[in-house]
file my_file-v7.tsv (TSV, C-alpha atoms)
chain	number	residue	atom	x	y	z
X	15	ALA	CA	7.92	16.97	-30.00
X	16	GLN	CA	7.91	13.28	-30.56
X	17	LYS	CA	5.15	11.08	-29.21
X	18	VAL	CA	4.41	7.36	-29.11
X	19	THR	CA	0.93	6.01	-28.53
X	20	GLN	CA	0.11	2.46	-27.57
X	21	ALA	CA	-3.64	2.37	-27.35
X	22	GLN	CA	-3.85	-1.18	-26.06
X	23	THR	CA	-3.31	-1.18	-22.33
X	24	GLU	CA	-3.69	-4.91	-21.76
X	25	ILE	CA	-4.16	-7.91	-24.01
X	26	SER	CA	-4.85	-11.51	-23.05
X	27	VAL	CA	-4.45	-14.38	-25.46
X	28	VAL	CA	-4.45	-18.11	-25.16
X	29	GLU	CA	-1.17	-19.84	-25.78
X	30	LYS	CA	-0.39	-20.49	-29.46
X	31	GLU	CA	-2.59	-17.65	-30.64
X	32	ASP	CA	-1.04	-14.85	-32.68
X	33	VAL	CA	-1.13	-11.37	-31.18
X	34	THR	CA	-0.45	-7.94	-32.66
X	35	LEU	CA	0.60	-4.97	-30.59
X	36	ASP	CA	-0.20	-1.57	-32.03
X	37	CYS	CA	2.01	1.49	-32.03
X	38	VAL	CA	1.42	4.92	-33.55
X	39	TYR	CA	4.05	7.62	-33.44
X	40	GLU	CA	4.42	11.32	-34.14
X	41	THR	CA	7.58	13.07	-35.20
X	42	ARG	CA	8.62	16.02	-37.33
X	43	ASP	CA	11.93	14.46	-38.27
X	44	THR	CA	12.50	12.61	-41.49
X	45	THR	CA	15.20	10.44	-39.98
X	46	TYR	CA	14.26	8.42	-36.95
X	47	TYR	CA	14.28	4.93	-35.54
X	48	LEU	CA	11.57	2.79	-34.06
X	49	PHE	CA	12.04	0.07	-31.48
X	50	TRP	CA	10.18	-2.56	-29.58
X	51	TYR	CA	11.31	-3.47	-26.08
X	52	LYS	CA	10.04	-6.21	-23.78
X	53	GLN	CA	9.85	-5.76	-20.02
X	54	PRO	CA	9.25	-9.06	-18.23
X	55	PRO	CA	8.18	-9.14	-14.57
X	56	SER	CA	11.85	-9.01	-13.57
X	57	GLY	CA	11.80	-5.39	-14.74
X	58	GLU	CA	14.74	-5.27	-17.13
X	59	LEU	CA	13.99	-3.79	-20.54
X	60	VAL	CA	15.05	-6.12	-23.33
X	61	PHE	CA	15.65	-4.82	-26.85
X	62	LEU	CA	13.69	-6.76	-29.48
X	63	ILE	CA	13.77	-4.98	-32.81
X	64	ARG	CA	14.80	-1.71	-34.47
X	65	ARG	CA	13.73	-0.14	-37.72
X	66	ASN	CA	14.89	3.06	-39.40
X	67	SER	CA	12.58	5.48	-41.12
X	68	PHE	CA	13.97	4.77	-44.56
X	69	ASP	CA	13.31	1.08	-44.50
X	70	GLU	CA	9.68	0.11	-44.64
X	71	GLN	CA	10.38	-3.46	-45.54
X	72	ASN	CA	8.58	-5.68	-43.13
X	73	GLU	CA	10.44	-8.64	-41.76
X	74	ILE	CA	10.04	-11.75	-39.75
X	75	SER	CA	12.48	-12.87	-37.12
X	76	GLY	CA	11.54	-16.17	-35.60
X	77	ARG	CA	8.13	-15.72	-34.01
X	78	TYR	CA	8.38	-11.94	-34.21
X	79	SER	CA	7.35	-9.81	-37.15
X	80	TRP	CA	6.63	-6.15	-37.60
X	81	ASN	CA	4.65	-3.96	-39.92
X	82	PHE	CA	6.07	-0.47	-40.43
X	83	GLN	CA	3.85	1.90	-42.39
X	84	LYS	CA	5.13	5.42	-42.73
X	85	SER	CA	1.92	6.63	-44.36
X	86	THR	CA	-0.03	5.91	-41.20
X	87	SER	CA	2.87	6.43	-38.76
X	88	SER	CA	2.40	2.96	-37.38
X	89	PHE	CA	4.86	0.33	-36.26
X	90	ASN	CA	2.93	-2.75	-35.22
X	91	PHE	CA	4.51	-5.84	-33.73
X	92	THR	CA	3.22	-9.39	-34.03
X	93	ILE	CA	4.08	-12.46	-32.03
X	94	THR	CA	3.16	-15.67	-33.76
X	95	ALA	CA	2.18	-18.78	-31.80
X	96	SER	CA	2.44	-16.98	-28.47
X	97	GLN	CA	3.98	-18.70	-25.47
X	98	VAL	CA	3.58	-18.15	-21.75
X	99	VAL	CA	7.12	-16.75	-21.63
X	100	ASP	CA	5.97	-13.94	-23.90
X	101	SER	CA	3.93	-12.53	-21.02
X	102	ALA	CA	5.41	-9.12	-20.34
X	103	VAL	CA	4.90	-5.42	-20.96
X	104	TYR	CA	5.90	-4.39	-24.45
X	105	PHE	CA	7.06	-0.86	-25.20
X	106	CYS	CA	7.24	0.83	-28.54
X	107	ALA	CA	9.83	3.59	-28.71
X	108	LEU	CA	10.88	6.33	-31.09
X	109	SER	CA	14.40	7.64	-31.37
X	110	GLU	CA	15.49	10.90	-32.92
X	111	ARG	CA	18.84	12.55	-33.26
X	112	ALA	CA	19.17	15.23	-30.63
X	113	GLY	CA	22.44	17.11	-30.52
X	114	GLY	CA	24.63	14.13	-31.29
X	115	TYR	CA	22.80	11.32	-29.59
X	116	GLN	CA	19.66	9.28	-29.97
X	117	LYS	CA	16.91	10.60	-27.73
X	118	VAL	CA	14.32	7.90	-27.09
X	119	THR	CA	10.66	8.41	-26.30
X	120	PHE	CA	8.71	5.42	-25.06
X	121	GLY	CA	5.02	4.64	-25.27
X	122	THR	CA	3.03	3.72	-22.19
X	123	GLY	CA	3.31	0.01	-22.90
X	124	THR	CA	0.98	-2.87	-23.61
X	125	LYS	CA	0.73	-5.60	-21.03
X	126	LEU	CA	0.48	-8.98	-22.71
X	127	GLN	CA	-0.76	-11.98	-20.80
X	128	VAL	CA	-0.49	-15.36	-22.47
X	129	ILE	CA	-2.74	-17.88	-20.81
X	130	PRO	CA	-1.69	-21.52	-20.92
R	14	GLY	CA	30.11	-9.87	-20.53
R	15	ALA	CA	28.47	-8.10	-17.64
R	16	GLY	CA	25.45	-5.98	-18.36
R	17	VAL	CA	24.37	-2.71	-16.81
R	18	SER	CA	24.08	-3.00	-13.06
R	19	GLN	CA	22.21	-0.76	-10.66
R	20	THR	CA	22.33	-0.53	-6.90
R	21	PRO	CA	20.41	-0.73	-4.73
R	22	SER	CA	17.65	-2.75	-6.33
R	23	ASN	CA	15.18	-1.33	-3.83
R	24	LYS	CA	15.34	1.80	-1.73
R	25	VAL	CA	12.78	2.93	0.82
R	26	THR	CA	13.26	6.37	2.26
R	27	GLU	CA	11.29	8.91	4.22
R	28	LYS	CA	9.99	12.08	2.72
R	29	GLY	CA	12.57	14.81	2.88
R	30	LYS	CA	15.60	12.52	2.91
R	31	TYR	CA	18.45	12.44	0.43
R	32	VAL	CA	19.10	9.38	-1.76
R	33	GLU	CA	21.76	8.24	-4.18
R	34	LEU	CA	21.19	5.68	-6.89
R	35	ARG	CA	24.15	4.08	-8.63
R	36	CYS	CA	24.58	2.84	-12.18
R	37	ASP	CA	27.50	0.80	-13.47
R	38	PRO	CA	27.37	0.74	-17.28
R	39	ILE	CA	28.72	-1.85	-19.65
R	40	SER	CA	32.48	-1.54	-19.87
R	41	GLY	CA	33.52	0.65	-22.76
R	42	HIS	CA	30.15	2.33	-23.20
R	43	THR	CA	30.66	6.07	-23.31
R	44	ALA	CA	26.99	7.03	-23.33
R	45	LEU	CA	24.85	6.70	-20.22
R	46	TYR	CA	21.18	7.52	-19.74
R	47	TRP	CA	18.90	7.79	-16.75
R	48	TYR	CA	15.16	7.22	-17.06
R	49	ARG	CA	12.30	7.25	-14.60
R	50	GLN	CA	9.45	4.80	-14.92
R	51	SER	CA	6.29	5.42	-12.94
R	52	LEU	CA	3.73	2.69	-12.42
R	53	GLY	CA	1.90	1.89	-15.63
R	54	GLN	CA	4.04	4.22	-17.71
R	55	GLY	CA	6.92	3.92	-20.08
R	56	PRO	CA	10.40	5.10	-19.15
R	57	GLU	CA	10.82	8.86	-19.26
R	58	PHE	CA	14.15	10.41	-20.14
R	59	LEU	CA	15.96	12.26	-17.36
R	60	ILE	CA	19.56	12.87	-18.37
R	61	TYR	CA	22.20	11.78	-20.86
R	62	PHE	CA	25.96	11.64	-20.33
R	63	GLN	CA	28.56	11.41	-23.04
R	64	GLY	CA	31.74	10.62	-21.17
R	65	THR	CA	31.93	12.68	-18.00
R	66	GLY	CA	29.68	15.52	-19.06
R	67	ALA	CA	25.91	15.78	-18.94
R	68	ALA	CA	25.11	16.49	-22.57
R	69	ASP	CA	21.37	16.75	-22.01
R	70	ASP	CA	19.71	17.16	-18.62
R	71	SER	CA	16.45	18.50	-19.95
R	72	GLY	CA	14.45	15.64	-18.48
R	73	LEU	CA	15.36	16.30	-14.85
R	74	PRO	CA	12.08	17.37	-13.24
R	75	ASN	CA	13.52	20.04	-10.93
R	76	ASP	CA	16.65	21.12	-9.13
R	77	ARG	CA	16.26	18.45	-6.45
R	78	PHE	CA	17.57	15.99	-9.02
R	79	PHE	CA	21.21	15.87	-9.97
R	80	ALA	CA	23.47	13.29	-11.58
R	81	VAL	CA	27.22	12.90	-11.92
R	82	ARG	CA	29.61	10.69	-13.80
R	83	PRO	CA	33.03	11.91	-12.63
R	84	GLU	CA	35.22	9.35	-14.37
R	85	GLY	CA	33.08	8.60	-17.37
R	86	SER	CA	31.98	5.22	-16.11
R	87	VAL	CA	29.85	4.83	-12.97
R	88	SER	CA	27.07	7.36	-12.57
R	89	THR	CA	25.14	8.43	-9.50
R	90	LEU	CA	21.68	9.96	-9.56
R	91	LYS	CA	21.09	12.11	-6.52
R	92	ILE	CA	17.73	13.23	-5.23
R	93	GLN	CA	17.48	15.80	-2.47
R	94	ARG	CA	14.50	16.40	-0.19
R	95	THR	CA	12.64	13.44	-1.61
R	96	GLU	CA	8.91	13.67	-2.12
R	97	ARG	CA	6.31	10.91	-2.39
R	98	GLY	CA	5.91	11.76	-6.06
R	99	ASP	CA	9.51	10.71	-6.64
R	100	SER	CA	8.52	7.09	-6.03
R	101	ALA	CA	9.24	5.19	-9.23
R	102	VAL	CA	11.67	2.80	-10.83
R	103	TYR	CA	14.83	4.55	-11.95
R	104	LEU	CA	16.41	2.92	-14.96
R	105	CYS	CA	19.90	3.34	-16.26
R	106	ALA	CA	20.99	2.49	-19.79
R	107	SER	CA	24.30	2.62	-21.60
R	108	SER	CA	25.36	2.50	-25.21
R	109	GLN	CA	28.49	2.82	-27.27
R	110	GLY	CA	27.73	6.47	-27.61
R	111	GLY	CA	26.98	9.09	-30.18
R	112	ALA	CA	24.12	9.19	-32.59
R	113	ALA	CA	24.84	6.05	-34.56
R	114	PRO	CA	21.64	4.10	-34.95
R	115	THR	CA	23.28	0.78	-34.27
R	116	TYR	CA	24.24	1.94	-30.81
R	117	GLU	CA	21.23	0.58	-29.04
R	118	GLN	CA	20.72	1.24	-25.38
R	119	TYR	CA	21.17	-1.59	-22.90
R	120	PHE	CA	19.13	-1.24	-19.76
R	121	GLY	CA	19.86	-2.18	-16.19
R	122	PRO	CA	17.32	-3.82	-13.87
R	123	GLY	CA	16.41	-0.54	-12.23
R	124	THR	CA	16.20	0.78	-8.71
R	125	ARG	CA	12.74	0.86	-7.20
R	126	LEU	CA	12.53	3.97	-5.04
R	127	THR	CA	9.71	4.28	-2.52
R	128	VAL	CA	9.30	7.50	-0.60
R	129	THR	CA	7.08	7.13	2.47

call {"tool": "encode", "arguments": {"input": "my_file-v7.tsv", "output": "structure tokens"}}
result
Amino acid sequence: AQKVTQAQTEISVVEKEDVTLDCVYETRDTTYYLFWYKQPPSGELVFLIRRNSFDEQNEISGRYSWNFQKSTSSFNFTITASQVVDSAVYFCALSERAGGYQKVTFGTGTKLQVIP
Amino acid sequence: GAGVSQTPSNKVTEKGKYVELRCDPISGHTALYWYRQSLGQGPEFLIYFQGTGAADDSGLPNDRFFAVRPEGSVSTLKIQRTERGDSAVYLCASSQGGAAPTYEQYFGPGTRLTVT
């Protein structure tokens, strides 16, 4: 069974600081996808990034970057120069093929508070 | 275009009553998912529809929960004999369908169900 662990329950940072959200996953599959979603106070889950298990190249997209390490089953997410609007709950998720569709398992989330 | 919509946004019901929660997916999306999100937790998979059929209902907690999608578009999640433990936010998501990794799931704003 697949599992996603986000050990950080809550993080507070001061605006403009960088912050890294940790994610560790477990899966028996060799082909899978990892995601980060943002859930602002409005409640709607917003897709941020996706990575497949064959591509460990780390990338930067604007203020977002991620560090995927298969050897440690980790998929960490960094926000650079945080802003108050980044305050939200962030979910890491793992997707595996299950009978012709992508079955997604979410972590318990990390609540990020950016203090002005 | 319009995103995933869910109605009602909030539902308060008494223990033992029957409720229906509606999801209107993005037009053209053949895949539809229901998730349940309890306080402080990540979304948990309930059921997946591909077209009109429930391809995977393994996440439904018991037989009080049932979902339909008669015309392959709008879906209704039905809960009979509600219990206080059913209180949660019920999220709906849709995607273009199948197992293609680029078919990310788009989430609706959720229905907050409170059973008193």

call {"tool": "interface_residues", "arguments": {"input": "my_file-v7.tsv", "of": "chain X", "to": "chain R", "cutoff": "12 Å", "atoms": "all atoms listed in the file", "output": "ChimeraX atom specification"}}
result
/X:17-20,23-24,45-67,103-125

call {"tool": "write_last_selection", "arguments": {"input": "my_file-v7.tsv", "atoms": "C-alpha atoms", "output": "PDB file, keeping the file's coordinate frame"}}
result
ATOM      1  CA  LYS X  17       5.150  11.080 -29.210  1.00  0.00           C
ATOM      2  CA  VAL X  18       4.410   7.360 -29.110  1.00  0.00           C
ATOM      3  CA  THR X  19       0.930   6.010 -28.530  1.00  0.00           C
ATOM      4  CA  GLN X  20       0.110   2.460 -27.570  1.00  0.00           C
ATOM      5  CA  THR X  23      -3.310  -1.180 -22.330  1.00  0.00           C
ATOM      6  CA  GLU X  24      -3.690  -4.910 -21.760  1.00  0.00           C
ATOM      7  CA  THR X  45      15.200  10.440 -39.980  1.00  0.00           C
ATOM      8  CA  TYR X  46      14.260   8.420 -36.950  1.00  0.00           C
ATOM      9  CA  TYR X  47      14.280   4.930 -35.540  1.00  0.00           C
ATOM     10  CA  LEU X  48      11.570   2.790 -34.060  1.00  0.00           C
ATOM     11  CA  PHE X  49      12.040   0.070 -31.480  1.00  0.00           C
ATOM     12  CA  TRP X  50      10.180  -2.560 -29.580  1.00  0.00           C
ATOM     13  CA  TYR X  51      11.310  -3.470 -26.080  1.00  0.00           C
ATOM     14  CA  LYS X  52      10.040  -6.210 -23.780  1.00  0.00           C
ATOM     15  CA  GLN X  53       9.850  -5.760 -20.020  1.00  0.00           C
ATOM     16  CA  PRO X  54       9.250  -9.060 -18.230  1.00  0.00           C
ATOM     17  CA  PRO X  55       8.180  -9.140 -14.570  1.00  0.00           C
ATOM     18  CA  SER X  56      11.850  -9.010 -13.570  1.00  0.00           C
ATOM     19  CA  GLY X  57      11.800  -5.390 -14.740  1.00  0.00           C
ATOM     20  CA  GLU X  58      14.740  -5.270 -17.130  1.00  0.00           C
ATOM     21  CA  LEU X  59      13.990  -3.790 -20.540  1.00  0.00           C
ATOM     22  CA  VAL X  60      15.050  -6.120 -23.330  1.00  0.00           C
ATOM     23  CA  PHE X  61      15.650  -4.820 -26.850  1.00  0.00           C
ATOM     24  CA  LEU X  62      13.690  -6.760 -29.480  1.00  0.00           C
ATOM     25  CA  ILE X  63      13.770  -4.980 -32.810  1.00  0.00           C
ATOM     26  CA  ARG X  64      14.800  -1.710 -34.470  1.00  0.00           C
ATOM     27  CA  ARG X  65      13.730  -0.140 -37.720  1.00  0.00           C
ATOM     28  CA  ASN X  66      14.890   3.060 -39.400  1.00  0.00           C
ATOM     29  CA  SER X  67      12.580   5.480 -41.120  1.00  0.00           C
ATOM     30  CA  VAL X 103       4.900  -5.420 -20.960  1.00  0.00           C
ATOM     31  CA  TYR X 104       5.900  -4.390 -24.450  1.00  0.00           C
ATOM     32  CA  PHE X 105       7.060  -0.860 -25.200  1.00  0.00           C
ATOM     33  CA  CYS X 106       7.240   0.830 -28.540  1.00  0.00           C
ATOM     34  CA  ALA X 107       9.830   3.590 -28.710  1.00  0.00           C
ATOM     35  CA  LEU X 108      10.880   6.330 -31.090  1.00  0.00           C
ATOM     36  CA  SER X 109      14.400   7.640 -31.370  1.00  0.00           C
ATOM     37  CA  GLU X 110      15.490  10.900 -32.920  1.00  0.00           C
ATOM     38  CA  ARG X 111      18.840  12.550 -33.260  1.00  0.00           C
ATOM     39  CA  ALA X 112      19.170  15.230 -30.630  1.00  0.00           C
ATOM     40  CA  GLY X 113      22.440  17.110 -30.520  1.00  0.00           C
ATOM     41  CA  GLY X 114      24.630  14.130 -31.290  1.00  0.00           C
ATOM     42  CA  TYR X 115      22.800  11.320 -29.590  1.00  0.00           C
ATOM     43  CA  GLN X 116      19.660   9.280 -29.970  1.00  0.00           C
ATOM     44  CA  LYS X 117      16.910  10.600 -27.730  1.00  0.00           C
ATOM     45  CA  VAL X 118      14.320   7.900 -27.090  1.00  0.00           C
ATOM     46  CA  THR X 119      10.660   8.410 -26.300  1.00  0.00           C
ATOM     47  CA  PHE X 120       8.710   5.420 -25.060  1.00  0.00           C
ATOM     48  CA  GLY X 121       5.020   4.640 -25.270  1.00  0.00           C
ATOM     49  CA  THR X 122       3.030   3.720 -22.190  1.00  0.00           C
ATOM     50  CA  GLY X 123       3.310   0.010 -22.900  1.00  0.00           C
ATOM     51  CA  THR X 124       0.980  -2.870 -23.610  1.00  0.00           C
ATOM     52  CA  LYS X 125       0.730  -5.600 -21.030  1.00  0.00           C
TER      53      LYS X 125
END

call {"tool": "atom_distance", "arguments": {"input": "my_file-v7.tsv", "atom1": "atom CA of R:Tyr48", "atom2": "atom CA of R:Gly72"}}
result
8.6 Å

call {"tool": "residues_around", "arguments": {"input": "my_file-v7.tsv", "residues": "R:Asp76", "least_positions_apart": "6", "cutoff": "12 Å", "atoms": "all atoms listed in the file", "output": "list in words"}}
result
Asp70, Lys91, Ile92, Gln93, Arg94 and Thr95 of chain R

call {"tool": "residues_around", "arguments": {"input": "my_file-v7.tsv", "residues": "X:Asp100", "least_positions_apart": "3", "cutoff": "8 Å", "atoms": "all atoms listed in the file", "output": "VMD selection string"}}
result
chain X and resid 96 to 97 126 to 128

call {"tool": "closest_residue", "arguments": {"input": "my_file-v7.tsv", "among": "R:Gln109, R:Asp99, R:Leu90, R:Pro83", "to": "R:Leu34", "atoms": "all atoms listed in the file"}}
result
R:Leu90

call {"tool": "atom_distance", "arguments": {"input": "my_file-v7.tsv", "atom1": "atom CA of R:Val32", "atom2": "atom CA of R:Arg77"}}
result
10.6 Å

call {"tool": "atom_distance", "arguments": {"input": "my_file-v7.tsv", "atom1": "atom CA of X:Ser26", "atom2": "atom CA of X:Tyr39"}}
result
23.5 Å

call {"tool": "closest_residue", "arguments": {"input": "my_file-v7.tsv", "among": "R:Ser100, R:Thr129, R:Ser107, R:Thr20", "to": "R:Ser40", "atoms": "all atoms listed in the file"}}
result
R:Ser107

call {"tool": "residues_around", "arguments": {"input": "my_file-v7.tsv", "residues": "R:Ser88", "least_positions_apart": "2", "cutoff": "10 Å", "atoms": "all atoms listed in the file", "output": "list of chain:residue names"}}
result
R:Gln19, R:Glu33, R:Leu34, R:Arg35, R:Cys36, R:Asp37, R:Pro38, R:Leu45, R:Tyr46, R:Trp47, R:Phe62, R:Thr65, R:Ala80, R:Val81, R:Arg82, R:Pro83, R:Glu84, R:Gly85, R:Ser86, R:Leu90, R:Lys91, R:Cys105

call {"tool": "closest_residue", "arguments": {"input": "my_file-v7.tsv", "among": "X:Val28, X:Glu40, X:Val99, X:Glu73", "to": "X:Ser85", "atoms": "all atoms listed in the file"}}
result
X:Glu40

call {"tool": "closest_residue", "arguments": {"input": "my_file-v7.tsv", "among": "X:Ala15, X:Ile25, X:Ile93, X:Ala102", "to": "X:Ile74", "atoms": "all atoms listed in the file"}}
result
X:Ile93

call {"tool": "build_atoms", "arguments": {"input": "my_file-v7.tsv", "residues": "stretch 75-85 of chain R", "atoms": "all heavy atoms", "output": "PDB file, in the frame of the given file"}}
result
ATOM      1  N   ASN R  75      13.271  18.786 -11.680  1.00  0.00           N
ATOM      2  CA  ASN R  75      13.520  20.040 -10.930  1.00  0.00           C
ATOM      3  C   ASN R  75      14.918  19.979 -10.340  1.00  0.00           C
ATOM      4  O   ASN R  75      15.660  19.008 -10.556  1.00  0.00           O
ATOM      5  CB  ASN R  75      12.462  20.194  -9.826  1.00  0.00           C
ATOM      6  CG  ASN R  75      12.340  18.952  -8.964  1.00  0.00           C
ATOM      7  OD1 ASN R  75      13.311  18.531  -8.337  1.00  0.00           O
ATOM      8  ND2 ASN R  75      11.147  18.354  -8.945  1.00  0.00           N
ATOM      9  N   ASP R  76      15.268  21.022  -9.611  1.00  0.00           N
ATOM     10  CA  ASP R  76      16.650  21.120  -9.130  1.00  0.00           C
ATOM     11  C   ASP R  76      16.934  20.216  -7.932  1.00  0.00           C
ATOM     12  O   ASP R  76      18.040  20.243  -7.388  1.00  0.00           O
ATOM     13  CB  ASP R  76      17.014  22.567  -8.809  1.00  0.00           C
ATOM     14  CG  ASP R  76      16.124  23.184  -7.733  1.00  0.00           C
ATOM     15  OD1 ASP R  76      15.299  22.436  -7.150  1.00  0.00           O
ATOM     16  OD2 ASP R  76      16.255  24.390  -7.489  1.00  0.00           O
ATOM     17  N   ARG R  77      15.964  19.437  -7.505  1.00  0.00           N
ATOM     18  CA  ARG R  77      16.260  18.450  -6.450  1.00  0.00           C
ATOM     19  C   ARG R  77      16.996  17.239  -7.027  1.00  0.00           C
ATOM     20  O   ARG R  77      17.568  16.450  -6.290  1.00  0.00           O
ATOM     21  CB  ARG R  77      14.969  17.994  -5.776  1.00  0.00           C
ATOM     22  CG  ARG R  77      14.220  19.072  -5.008  1.00  0.00           C
ATOM     23  CD  ARG R  77      13.031  18.500  -4.235  1.00  0.00           C
ATOM     24  NE  ARG R  77      12.023  17.909  -5.131  1.00  0.00           N
ATOM     25  CZ  ARG R  77      11.857  16.610  -5.286  1.00  0.00           C
ATOM     26  NH1 ARG R  77      12.627  15.738  -4.644  1.00  0.00           N
ATOM     27  NH2 ARG R  77      10.913  16.164  -6.087  1.00  0.00           N
ATOM     28  N   PHE R  78      16.946  17.115  -8.338  1.00  0.00           N
ATOM     29  CA  PHE R  78      17.570  15.990  -9.020  1.00  0.00           C
ATOM     30  C   PHE R  78      18.896  16.415  -9.631  1.00  0.00           C
ATOM     31  O   PHE R  78      18.979  17.459 -10.282  1.00  0.00           O
ATOM     32  CB  PHE R  78      16.660  15.463 -10.143  1.00  0.00           C
ATOM     33  CG  PHE R  78      15.449  14.734  -9.669  1.00  0.00           C
ATOM     34  CD1 PHE R  78      14.374  15.427  -9.132  1.00  0.00           C
ATOM     35  CD2 PHE R  78      15.367  13.354  -9.760  1.00  0.00           C
ATOM     36  CE1 PHE R  78      13.241  14.744  -8.685  1.00  0.00           C
ATOM     37  CE2 PHE R  78      14.239  12.666  -9.333  1.00  0.00           C
ATOM     38  CZ  PHE R  78      13.180  13.370  -8.786  1.00  0.00           C
ATOM     39  N   PHE R  79      19.896  15.572  -9.429  1.00  0.00           N
ATOM     40  CA  PHE R  79      21.210  15.870  -9.970  1.00  0.00           C
ATOM     41  C   PHE R  79      21.918  14.551 -10.246  1.00  0.00           C
ATOM     42  O   PHE R  79      21.695  13.566  -9.569  1.00  0.00           O
ATOM     43  CB  PHE R  79      22.013  16.699  -8.942  1.00  0.00           C
ATOM     44  CG  PHE R  79      23.308  17.220  -9.472  1.00  0.00           C
ATOM     45  CD1 PHE R  79      23.318  18.226 -10.414  1.00  0.00           C
ATOM     46  CD2 PHE R  79      24.514  16.713  -9.024  1.00  0.00           C
ATOM     47  CE1 PHE R  79      24.505  18.719 -10.913  1.00  0.00           C
ATOM     48  CE2 PHE R  79      25.720  17.200  -9.514  1.00  0.00           C
ATOM     49  CZ  PHE R  79      25.717  18.202 -10.461  1.00  0.00           C
ATOM     50  N   ALA R  80      22.740  14.521 -11.267  1.00  0.00           N
ATOM     51  CA  ALA R  80      23.470  13.290 -11.580  1.00  0.00           C
ATOM     52  C   ALA R  80      24.900  13.630 -11.941  1.00  0.00           C
ATOM     53  O   ALA R  80      25.184  14.702 -12.489  1.00  0.00           O
ATOM     54  CB  ALA R  80      22.809  12.530 -12.723  1.00  0.00           C
ATOM     55  N   VAL R  81      25.801  12.706 -11.626  1.00  0.00           N
ATOM     56  CA  VAL R  81      27.220  12.900 -11.920  1.00  0.00           C
ATOM     57  C   VAL R  81      27.782  11.632 -12.531  1.00  0.00           C
ATOM     58  O   VAL R  81      27.261  10.527 -12.338  1.00  0.00           O
ATOM     59  CB  VAL R  81      28.017  13.281 -10.657  1.00  0.00           C
ATOM     60  CG1 VAL R  81      27.559  14.627 -10.125  1.00  0.00           C
ATOM     61  CG2 VAL R  81      27.902  12.198  -9.595  1.00  0.00           C
ATOM     62  N   ARG R  82      28.889  11.826 -13.211  1.00  0.00           N
ATOM     63  CA  ARG R  82      29.610  10.690 -13.800  1.00  0.00           C
ATOM     64  C   ARG R  82      31.082  11.116 -13.865  1.00  0.00           C
ATOM     65  O   ARG R  82      31.634  11.352 -14.937  1.00  0.00           O
ATOM     66  CB  ARG R  82      29.065  10.383 -15.184  1.00  0.00           C
ATOM     67  CG  ARG R  82      29.490   9.014 -15.714  1.00  0.00           C
ATOM     68  CD  ARG R  82      29.027   8.811 -17.138  1.00  0.00           C
ATOM     69  NE  ARG R  82      29.350   7.475 -17.614  1.00  0.00           N
ATOM     70  CZ  ARG R  82      29.394   7.157 -18.902  1.00  0.00           C
ATOM     71  NH1 ARG R  82      29.138   8.068 -19.834  1.00  0.00           N
ATOM     72  NH2 ARG R  82      29.690   5.916 -19.264  1.00  0.00           N
ATOM     73  N   PRO R  83      31.722  11.253 -12.737  1.00  0.00           N
ATOM     74  CA  PRO R  83      33.030  11.910 -12.630  1.00  0.00           C
ATOM     75  C   PRO R  83      34.157  11.283 -13.452  1.00  0.00           C
ATOM     76  O   PRO R  83      35.053  12.008 -13.887  1.00  0.00           O
ATOM     77  CB  PRO R  83      33.336  11.850 -11.135  1.00  0.00           C
ATOM     78  CG  PRO R  83      32.471  10.749 -10.604  1.00  0.00           C
ATOM     79  CD  PRO R  83      31.246  10.747 -11.441  1.00  0.00           C
ATOM     80  N   GLU R  84      34.130   9.980 -13.650  1.00  0.00           N
ATOM     81  CA  GLU R  84      35.220   9.350 -14.370  1.00  0.00           C
ATOM     82  C   GLU R  84      34.770   8.738 -15.686  1.00  0.00           C
ATOM     83  O   GLU R  84      35.499   7.956 -16.300  1.00  0.00           O
ATOM     84  CB  GLU R  84      35.884   8.293 -13.480  1.00  0.00           C
ATOM     85  CG  GLU R  84      36.511   8.896 -12.237  1.00  0.00           C
ATOM     86  CD  GLU R  84      37.123   7.851 -11.314  1.00  0.00           C
ATOM     87  OE1 GLU R  84      37.030   6.655 -11.628  1.00  0.00           O
ATOM     88  OE2 GLU R  84      37.686   8.250 -10.282  1.00  0.00           O
ATOM     89  N   GLY R  85      33.567   9.079 -16.087  1.00  0.00           N
ATOM     90  CA  GLY R  85      33.080   8.600 -17.370  1.00  0.00           C
ATOM     91  C   GLY R  85      32.631   7.158 -17.374  1.00  0.00           C
ATOM     92  O   GLY R  85      32.402   6.584 -18.446  1.00  0.00           O
TER      93      GLY R  85
END
